[in-house]
Each structure stands twice: as C-alpha cells, then as structure tokens.
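Structure file input-v3.tsv (TSV, N, CA and C atoms) follows.
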```tsv
chain	number	residue	atom	x	y	z
A	1	MET	N	39.16	42.23	-41.46
A	1	MET	CA	38.52	40.98	-41.05
A	1	MET	C	38.72	40.81	-39.55
A	2	THR	N	37.66	40.51	-38.85
A	2	THR	CA	37.75	40.33	-37.40
A	2	THR	C	37.95	38.86	-37.06
A	3	SER	N	38.58	38.66	-35.94
A	3	SER	CA	38.82	37.30	-35.48
A	3	SER	C	37.55	36.71	-34.87
A	4	ILE	N	37.35	35.47	-35.11
A	4	ILE	CA	36.18	34.78	-34.56
A	4	ILE	C	36.35	34.56	-33.06
A	5	ASP	N	37.56	34.31	-32.63
A	5	ASP	CA	37.83	34.00	-31.23
A	5	ASP	C	38.30	35.24	-30.48
A	6	ARG	N	37.43	36.17	-30.28
A	6	ARG	CA	37.78	37.37	-29.54
A	6	ARG	C	37.78	37.07	-28.05
A	7	PRO	N	38.73	37.63	-27.29
A	7	PRO	CA	38.80	37.35	-25.85
A	7	PRO	C	37.56	37.76	-25.08
A	8	GLU	N	36.89	38.83	-25.50
A	8	GLU	CA	35.71	39.26	-24.76
A	8	GLU	C	34.53	38.31	-24.94
A	9	ASP	N	34.57	37.46	-25.96
A	9	ASP	CA	33.50	36.48	-26.17
A	9	ASP	C	33.73	35.18	-25.42
A	10	GLN	N	34.89	34.99	-24.86
A	10	GLN	CA	35.22	33.73	-24.22
A	10	GLN	C	34.32	33.43	-23.03
A	11	GLY	N	34.02	34.42	-22.20
A	11	GLY	CA	33.21	34.18	-21.01
A	11	GLY	C	31.81	33.71	-21.35
A	12	CYS	N	31.15	34.39	-22.25
A	12	CYS	CA	29.78	34.04	-22.65
A	12	CYS	C	29.76	32.69	-23.38
A	13	LEU	N	30.74	32.50	-24.24
A	13	LEU	CA	30.80	31.26	-25.00
A	13	LEU	C	31.03	30.07	-24.08
A	14	ARG	N	31.82	30.23	-23.04
A	14	ARG	CA	32.04	29.14	-22.10
A	14	ARG	C	30.75	28.76	-21.38
A	15	TRP	N	29.93	29.75	-21.04
A	15	TRP	CA	28.65	29.45	-20.40
A	15	TRP	C	27.72	28.72	-21.36
A	16	VAL	N	27.72	29.12	-22.62
A	16	VAL	CA	26.87	28.46	-23.60
A	16	VAL	C	27.33	27.03	-23.84
A	17	LEU	N	28.63	26.81	-23.89
A	17	LEU	CA	29.15	25.47	-24.10
A	17	LEU	C	29.01	24.60	-22.86
A	18	ALA	N	28.90	25.20	-21.70
A	18	ALA	CA	28.76	24.43	-20.47
A	18	ALA	C	27.38	23.79	-20.34
A	19	VAL	N	26.38	24.32	-21.01
A	19	VAL	CA	25.02	23.77	-20.89
A	19	VAL	C	24.95	22.34	-21.41
A	20	PRO	N	25.43	22.02	-22.64
A	20	PRO	CA	25.36	20.62	-23.08
A	20	PRO	C	26.22	19.69	-22.21
A	21	LEU	N	27.33	20.21	-21.72
A	21	LEU	CA	28.16	19.37	-20.84
A	21	LEU	C	27.44	19.10	-19.53
A	22	ALA	N	26.73	20.08	-19.02
A	22	ALA	CA	25.98	19.88	-17.78
A	22	ALA	C	24.88	18.84	-17.97
A	23	LEU	N	24.33	18.75	-19.18
A	23	LEU	CA	23.30	17.75	-19.44
A	23	LEU	C	23.86	16.33	-19.34
A	24	PHE	N	25.16	16.17	-19.53
A	24	PHE	CA	25.80	14.87	-19.33
A	24	PHE	C	26.31	14.72	-17.90
A	25	TYR	N	26.92	15.76	-17.36
A	25	TYR	CA	27.64	15.64	-16.10
A	25	TYR	C	26.74	15.61	-14.87
A	26	VAL	N	25.61	16.29	-14.89
A	26	VAL	CA	24.73	16.28	-13.73
A	26	VAL	C	24.12	14.89	-13.51
A	27	PRO	N	23.55	14.24	-14.54
A	27	PRO	CA	23.07	12.87	-14.32
A	27	PRO	C	24.20	11.89	-13.99
A	28	ALA	N	25.37	12.11	-14.57
A	28	ALA	CA	26.50	11.23	-14.27
A	28	ALA	C	26.90	11.35	-12.80
A	29	ALA	N	26.89	12.56	-12.28
A	29	ALA	CA	27.21	12.76	-10.87
A	29	ALA	C	26.13	12.13	-9.98
A	30	PHE	N	24.88	12.21	-10.40
A	30	PHE	CA	23.79	11.58	-9.66
A	30	PHE	C	23.97	10.06	-9.60
A	31	PHE	N	24.29	9.45	-10.74
A	31	PHE	CA	24.50	8.00	-10.76
A	31	PHE	C	25.75	7.61	-9.96
A	32	LEU	N	26.78	8.42	-10.02
A	32	LEU	CA	27.98	8.14	-9.23
A	32	LEU	C	27.66	8.20	-7.74
A	33	TYR	N	26.93	9.22	-7.34
A	33	TYR	CA	26.53	9.32	-5.94
A	33	TYR	C	25.70	8.10	-5.52
A	34	GLY	N	24.78	7.69	-6.39
A	34	GLY	CA	23.97	6.51	-6.10
A	34	GLY	C	24.80	5.26	-5.95
A	35	SER	N	25.80	5.09	-6.77
A	35	SER	CA	26.64	3.90	-6.67
A	35	SER	C	27.52	3.92	-5.43
A	36	LEU	N	27.92	5.11	-5.00
A	36	LEU	CA	28.75	5.21	-3.80
A	36	LEU	C	27.93	5.05	-2.52
A	37	VAL	N	26.67	5.46	-2.54
A	37	VAL	CA	25.83	5.39	-1.35
A	37	VAL	C	25.34	3.97	-1.09
A	38	LEU	N	25.07	3.23	-2.14
A	38	LEU	CA	24.56	1.87	-1.96
A	38	LEU	C	25.62	0.99	-1.31
A	39	GLN	N	25.24	0.35	-0.22
A	39	GLN	CA	26.14	-0.54	0.51
A	39	GLN	C	25.56	-1.95	0.51
A	40	PRO	N	25.95	-2.78	-0.45
A	40	PRO	CA	25.39	-4.14	-0.49
A	40	PRO	C	25.92	-4.99	0.66
A	41	ASP	N	25.18	-6.04	0.95
A	41	ASP	CA	25.57	-6.98	1.99
A	41	ASP	C	26.85	-7.70	1.57
A	42	THR	N	27.84	-7.69	2.45
A	42	THR	CA	29.13	-8.29	2.11
A	42	THR	C	29.11	-9.81	2.22
A	43	ASP	N	28.11	-10.37	2.90
A	43	ASP	CA	28.05	-11.82	3.08
A	43	ASP	C	27.50	-12.54	1.87
A	44	SER	N	26.61	-11.90	1.14
A	44	SER	CA	25.95	-12.55	0.01
A	44	SER	C	26.46	-11.98	-1.32
A	45	PRO	N	26.95	-12.84	-2.21
A	45	PRO	CA	27.39	-12.34	-3.52
A	45	PRO	C	26.21	-12.05	-4.45
A	46	TYR	N	24.99	-12.45	-4.06
A	46	TYR	CA	23.82	-12.28	-4.93
A	46	TYR	C	22.87	-11.20	-4.41
A	47	ASP	N	23.39	-10.24	-3.70
A	47	ASP	CA	22.57	-9.15	-3.20
A	47	ASP	C	22.14	-8.26	-4.37
A	48	PRO	N	20.83	-8.00	-4.52
A	48	PRO	CA	20.40	-7.16	-5.65
A	48	PRO	C	20.93	-5.72	-5.57
A	49	MET	N	21.27	-5.26	-4.39
A	49	MET	CA	21.81	-3.91	-4.26
A	49	MET	C	23.19	-3.82	-4.91
A	50	ARG	N	23.91	-4.93	-4.97
A	50	ARG	CA	25.21	-4.96	-5.64
A	50	ARG	C	25.04	-4.70	-7.14
A	51	ASP	N	24.03	-5.32	-7.72
A	51	ASP	CA	23.76	-5.09	-9.15
A	51	ASP	C	23.34	-3.66	-9.40
A	52	ASP	N	22.55	-3.09	-8.50
A	52	ASP	CA	22.14	-1.69	-8.65
A	52	ASP	C	23.34	-0.76	-8.60
A	53	ALA	N	24.27	-1.02	-7.70
A	53	ALA	CA	25.47	-0.18	-7.60
A	53	ALA	C	26.32	-0.30	-8.87
A	54	ARG	N	26.41	-1.52	-9.41
A	54	ARG	CA	27.19	-1.70	-10.64
A	54	ARG	C	26.54	-1.00	-11.83
A	55	VAL	N	25.21	-1.07	-11.92
A	55	VAL	CA	24.51	-0.40	-13.02
A	55	VAL	C	24.68	1.11	-12.90
A	56	ASN	N	24.54	1.65	-11.69
A	56	ASN	CA	24.75	3.08	-11.50
A	56	ASN	C	26.16	3.50	-11.88
A	57	ALA	N	27.15	2.70	-11.50
A	57	ALA	CA	28.54	3.02	-11.83
A	57	ALA	C	28.77	2.95	-13.34
A	58	THR	N	28.18	1.96	-13.99
A	58	THR	CA	28.34	1.82	-15.45
A	58	THR	C	27.68	2.99	-16.18
A	59	LEU	N	26.48	3.36	-15.76
A	59	LEU	CA	25.82	4.52	-16.37
A	59	LEU	C	26.63	5.79	-16.16
A	60	SER	N	27.20	5.92	-14.99
A	60	SER	CA	28.01	7.10	-14.70
A	60	SER	C	29.25	7.15	-15.59
A	61	VAL	N	29.94	6.04	-15.73
A	61	VAL	CA	31.13	6.00	-16.59
A	61	VAL	C	30.75	6.33	-18.03
A	62	GLY	N	29.63	5.78	-18.50
A	62	GLY	CA	29.19	6.06	-19.86
A	62	GLY	C	28.88	7.52	-20.10
A	63	LEU	N	28.21	8.16	-19.14
A	63	LEU	CA	27.90	9.58	-19.30
A	63	LEU	C	29.13	10.45	-19.20
A	64	TRP	N	30.06	10.10	-18.29
A	64	TRP	CA	31.32	10.86	-18.23
A	64	TRP	C	32.06	10.74	-19.55
A	65	PHE	N	32.07	9.54	-20.12
A	65	PHE	CA	32.79	9.32	-21.38
A	65	PHE	C	32.15	10.12	-22.52
A	66	LEU	N	30.82	10.14	-22.57
A	66	LEU	CA	30.14	10.93	-23.61
A	66	LEU	C	30.44	12.42	-23.45
A	67	GLY	N	30.49	12.88	-22.21
A	67	GLY	CA	30.84	14.28	-21.97
A	67	GLY	C	32.27	14.58	-22.38
A	68	LEU	N	33.17	13.65	-22.11
A	68	LEU	CA	34.56	13.85	-22.55
A	68	LEU	C	34.68	13.85	-24.07
A	69	LEU	N	33.92	13.00	-24.73
A	69	LEU	CA	33.94	13.02	-26.20
A	69	LEU	C	33.38	14.34	-26.73
A	70	LEU	N	32.34	14.86	-26.10
A	70	LEU	CA	31.80	16.14	-26.51
A	70	LEU	C	32.80	17.26	-26.28
A	71	THR	N	33.56	17.17	-25.20
A	71	THR	CA	34.57	18.19	-24.92
A	71	THR	C	35.69	18.17	-25.96
A	72	ALA	N	35.92	17.04	-26.59
A	72	ALA	CA	36.99	16.93	-27.59
A	72	ALA	C	36.61	17.54	-28.95
A	73	VAL	N	35.33	17.92	-29.12
A	73	VAL	CA	34.92	18.58	-30.36
A	73	VAL	C	35.70	19.89	-30.47
A	74	PRO	N	36.17	20.26	-31.65
A	74	PRO	CA	37.04	21.44	-31.78
A	74	PRO	C	36.48	22.73	-31.18
A	75	VAL	N	35.19	22.97	-31.28
A	75	VAL	CA	34.63	24.20	-30.71
A	75	VAL	C	34.82	24.21	-29.20
A	76	PHE	N	34.58	23.09	-28.56
A	76	PHE	CA	34.76	22.99	-27.12
A	76	PHE	C	36.24	23.01	-26.77
A	77	HIS	N	37.01	22.24	-27.51
A	77	HIS	CA	38.44	22.10	-27.21
A	77	HIS	C	39.17	23.44	-27.29
A	78	ARG	N	38.78	24.27	-28.20
A	78	ARG	CA	39.44	25.55	-28.40
A	78	ARG	C	39.07	26.56	-27.31
A	79	ASN	N	37.88	26.44	-26.73
A	79	ASN	CA	37.39	27.46	-25.81
A	79	ASN	C	37.39	27.07	-24.35
A	80	LEU	N	37.49	25.80	-24.05
A	80	LEU	CA	37.44	25.36	-22.66
A	80	LEU	C	38.84	25.02	-22.18
A	81	GLY	N	39.07	25.18	-20.91
A	81	GLY	CA	40.38	24.89	-20.33
A	81	GLY	C	40.59	23.39	-20.12
A	82	ARG	N	41.76	23.08	-19.66
A	82	ARG	CA	42.11	21.67	-19.46
A	82	ARG	C	41.37	21.03	-18.29
A	83	TRP	N	40.92	21.83	-17.32
A	83	TRP	CA	40.25	21.24	-16.17
A	83	TRP	C	38.91	20.62	-16.56
A	84	TRP	N	38.38	20.99	-17.73
A	84	TRP	CA	37.15	20.36	-18.21
A	84	TRP	C	37.40	18.90	-18.58
A	85	TYR	N	38.66	18.52	-18.74
A	85	TYR	CA	39.00	17.12	-18.96
A	85	TYR	C	39.35	16.43	-17.64
A	86	ALA	N	39.97	17.13	-16.74
A	86	ALA	CA	40.50	16.53	-15.52
A	86	ALA	C	39.40	16.04	-14.58
A	87	VAL	N	38.43	16.88	-14.31
A	87	VAL	CA	37.37	16.52	-13.36
A	87	VAL	C	36.54	15.33	-13.85
A	88	PRO	N	36.04	15.34	-15.10
A	88	PRO	CA	35.29	14.16	-15.55
A	88	PRO	C	36.13	12.89	-15.59
A	89	PHE	N	37.40	13.03	-15.96
A	89	PHE	CA	38.25	11.84	-15.98
A	89	PHE	C	38.44	11.29	-14.57
A	90	LEU	N	38.63	12.15	-13.60
A	90	LEU	CA	38.79	11.72	-12.21
A	90	LEU	C	37.51	11.05	-11.70
A	91	LEU	N	36.37	11.66	-11.95
A	91	LEU	CA	35.12	11.09	-11.48
A	91	LEU	C	34.74	9.81	-12.23
A	92	ALA	N	35.09	9.72	-13.50
A	92	ALA	CA	34.87	8.47	-14.24
A	92	ALA	C	35.76	7.37	-13.68
A	93	SER	N	36.96	7.72	-13.26
A	93	SER	CA	37.84	6.73	-12.64
A	93	SER	C	37.27	6.23	-11.32
A	94	VAL	N	36.69	7.13	-10.54
A	94	VAL	CA	36.06	6.74	-9.27
A	94	VAL	C	34.86	5.83	-9.55
A	95	ALA	N	34.05	6.16	-10.55
A	95	ALA	CA	32.90	5.33	-10.89
A	95	ALA	C	33.33	3.96	-11.39
A	96	PHE	N	34.38	3.92	-12.20
A	96	PHE	CA	34.87	2.63	-12.69
A	96	PHE	C	35.41	1.79	-11.53
A	97	TRP	N	36.14	2.43	-10.63
A	97	TRP	CA	36.67	1.72	-9.47
A	97	TRP	C	35.52	1.16	-8.62
A	98	ARG	N	34.47	1.96	-8.42
A	98	ARG	CA	33.33	1.50	-7.63
A	98	ARG	C	32.63	0.34	-8.31
A	99	GLY	N	32.49	0.40	-9.61
A	99	GLY	CA	31.85	-0.69	-10.34
A	99	GLY	C	32.64	-1.98	-10.27
A	100	GLN	N	33.95	-1.87	-10.20
A	100	GLN	CA	34.79	-3.07	-10.12
A	100	GLN	C	34.91	-3.65	-8.72
A	101	THR	N	34.79	-2.82	-7.71
A	101	THR	CA	35.02	-3.30	-6.34
A	101	THR	C	33.75	-3.58	-5.55
A	102	VAL	N	32.59	-3.29	-6.11
A	102	VAL	CA	31.36	-3.53	-5.36
A	102	VAL	C	31.00	-4.99	-5.37
```
When written as structure tokens, how does the structure in this file appear?
Amino acid sequence: MTSIDRPEDQGCLRWVLAVPLALFYVPAAFFLYGSLVLQPDTDSPYDPMRDDARVNATLSVGLWFLGLLLTAVPVFHRNLGRWWYAVPFLLASVAFWRGQTV
C-alpha cells in the first residue's frame, strides 16, 4: 500500500491548493490597499470617503477570515506550512486596525 502523502507530490499539491486561496487573498489585498490609500478629511466626521475606507477594510477582513477558514480544512492544513496562517492573520489585523482608526 502506498502512502497518499508522498513527498514528491507536495510541490504540485501546494500549487493546486494555492489557487482557491488566491481567489480569496487577491481581492482581500485589493480591498486592503483601497482602504489604506483612501485618506478621508480629518475635519469632517461625515466624509463619504471614510465610509468607503471602512467598507473596504471590512470586506478585506471578511475575505482574509474566509481564506483562513479554508486553510484550516484538513487537506490544506496537512500540506501547507504555518506561514499560510501568519501572512493572512497579519494583513487581517492591519485591515481591522484601519477600519477602526479611519
């Protein structure tokens, strides 16, 4: 009986598993960038750009969280390294911080 988790399959399998994660992380990075670039007027608390930055940050946090949940699936968890958790968690923290401080 052969093992399902052969070391020579790890490289290809990681690329295949990275595609669904990229479908979450690329738009999340785009929304995070959008929330960081928007600079609302500091004098007015009712600037519409402030709401846009908050919505972008919220969408970004949601997509990072969905990607992290997908990474926790056993197939992903067994084949991907720990840095697949670290980077999304760090960027989700930045997005959450931006959403709270804008």
>> Taking 5 positions as the minimum chain separation for residues in the same chain, which residues sit within 7 Å of Ala53 of chain A when counting only N, CA and C atoms? Answer as a list in words.
In response: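 With the cut-off at 7 Å, the set is Gly34, Ser35, Leu36, Leu38, Pro48, Thr58, Arg98, Gly99 and Val102 of chain A.
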Okay, now the selection with N, CA and C atoms, as a tab-separated table (two decimals), in the coordinates of the input?
```
chain	number	residue	atom	x	y	z
A	34	GLY	N	24.78	7.69	-6.39
A	34	GLY	CA	23.97	6.51	-6.10
A	34	GLY	C	24.80	5.26	-5.95
A	35	SER	N	25.80	5.09	-6.77
A	35	SER	CA	26.64	3.90	-6.67
A	35	SER	C	27.52	3.92	-5.43
A	36	LEU	N	27.92	5.11	-5.00
A	36	LEU	CA	28.75	5.21	-3.80
A	36	LEU	C	27.93	5.05	-2.52
A	38	LEU	N	25.07	3.23	-2.14
A	38	LEU	CA	24.56	1.87	-1.96
A	38	LEU	C	25.62	0.99	-1.31
A	48	PRO	N	20.83	-8.00	-4.52
A	48	PRO	CA	20.40	-7.16	-5.65
A	48	PRO	C	20.93	-5.72	-5.57
A	58	THR	N	28.18	1.96	-13.99
A	58	THR	CA	28.34	1.82	-15.45
A	58	THR	C	27.68	2.99	-16.18
A	98	ARG	N	34.47	1.96	-8.42
A	98	ARG	CA	33.33	1.50	-7.63
A	98	ARG	C	32.63	0.34	-8.31
A	99	GLY	N	32.49	0.40	-9.61
A	99	GLY	CA	31.85	-0.69	-10.34
A	99	GLY	C	32.64	-1.98	-10.27
A	102	VAL	N	32.59	-3.29	-6.11
A	102	VAL	CA	31.36	-3.53	-5.36
A	102	VAL	C	31.00	-4.99	-5.37
```
>> Report, in Å with one decimal, the straight-line distance from atom CA of Arg50 of chain A to atom N of Thr101 of chain A.
In response: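 Taking atom CA of Arg50 of chain A and atom N of Thr101 of chain A, their separation equals 10.0 Å.
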> Separation of atom C of Ser93 of chain A and atom N of Arg14 of chain A, in Å?
Replying inline: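 Distance between the two atoms: 27.3 Å.
Take atom CA of Gly67 of chain A and atom CA of Leu32 of chain A: the distance between them is 14.4 Å.
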> Need the neighbours of (29.8, 1.6, -14.6): which residues are at most 8 Å away, counting all atoms listed in the file, as JSON, numbers by chain?
Replying inline: {"A": [53, 54, 55, 56, 57, 58, 59, 60, 61, 62, 95, 96, 97, 98, 99, 100]}
> Looking at A:Tyr33, A:Trp15, A:Phe89, A:Trp84, which one is nearest to Thr71 of chain A, with distances taken over all atoms listed in the file?
Replying inline: A:Trp84
> If you run DSSP on this backbone, which residues of segment 1-96 of chain A come out as alpha helix (DSSP H), and could you give them as JSON, numbers by chain?
Replying inline: {"A": [10, 11, 12, 13, 14, 15, 16, 17, 18, 19, 20, 21, 22, 23, 24, 25, 26, 27, 28, 29, 30, 31, 32, 33, 34, 35, 36, 37, 48, 49, 50, 51, 52, 53, 54, 55, 56, 57, 58, 59, 60, 61, 62, 63, 64, 65, 66, 67, 68, 69, 70, 71, 74, 75, 76, 77, 78, 79, 83, 84, 85, 86, 87, 88, 89, 90, 91, 92, 93, 94, 95, 96]}
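Considering only C-alpha atoms, the residue among A:Leu13, A:Ala92, A:Leu80, A:Val19 positioned nearest to Leu66 of chain A is A:Ala92.
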Using only the atoms of segment 81-90 of chain A listed in the file, plus 5 Å on each side, state the axis-aligned box centre and edge lengths in Å rounded to one decimal, as AutoDock Vina command-line options.
```
--center_x 38.7 --center_y 18.1 --center_z -16.3 --size_x 16.8 --size_y 24.1 --size_z 19.2
```
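Close contacts of Met49 of chain A, defined as residues with an atom at most 7 Å away when counting all atoms listed in the file, with chain neighbours fewer than 6 positions off set aside, comprise Leu38, Gln39, Pro40 and Asp41 of chain A.
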> Nearest to Trp64 of chain A: which of A:Phe30, A:Pro45, A:Val94, A:Tyr25 is it, counting only N, CA and C atoms?
Replying inline: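 The answer is A:Tyr25, which sits nearest to Trp64 of chain A.
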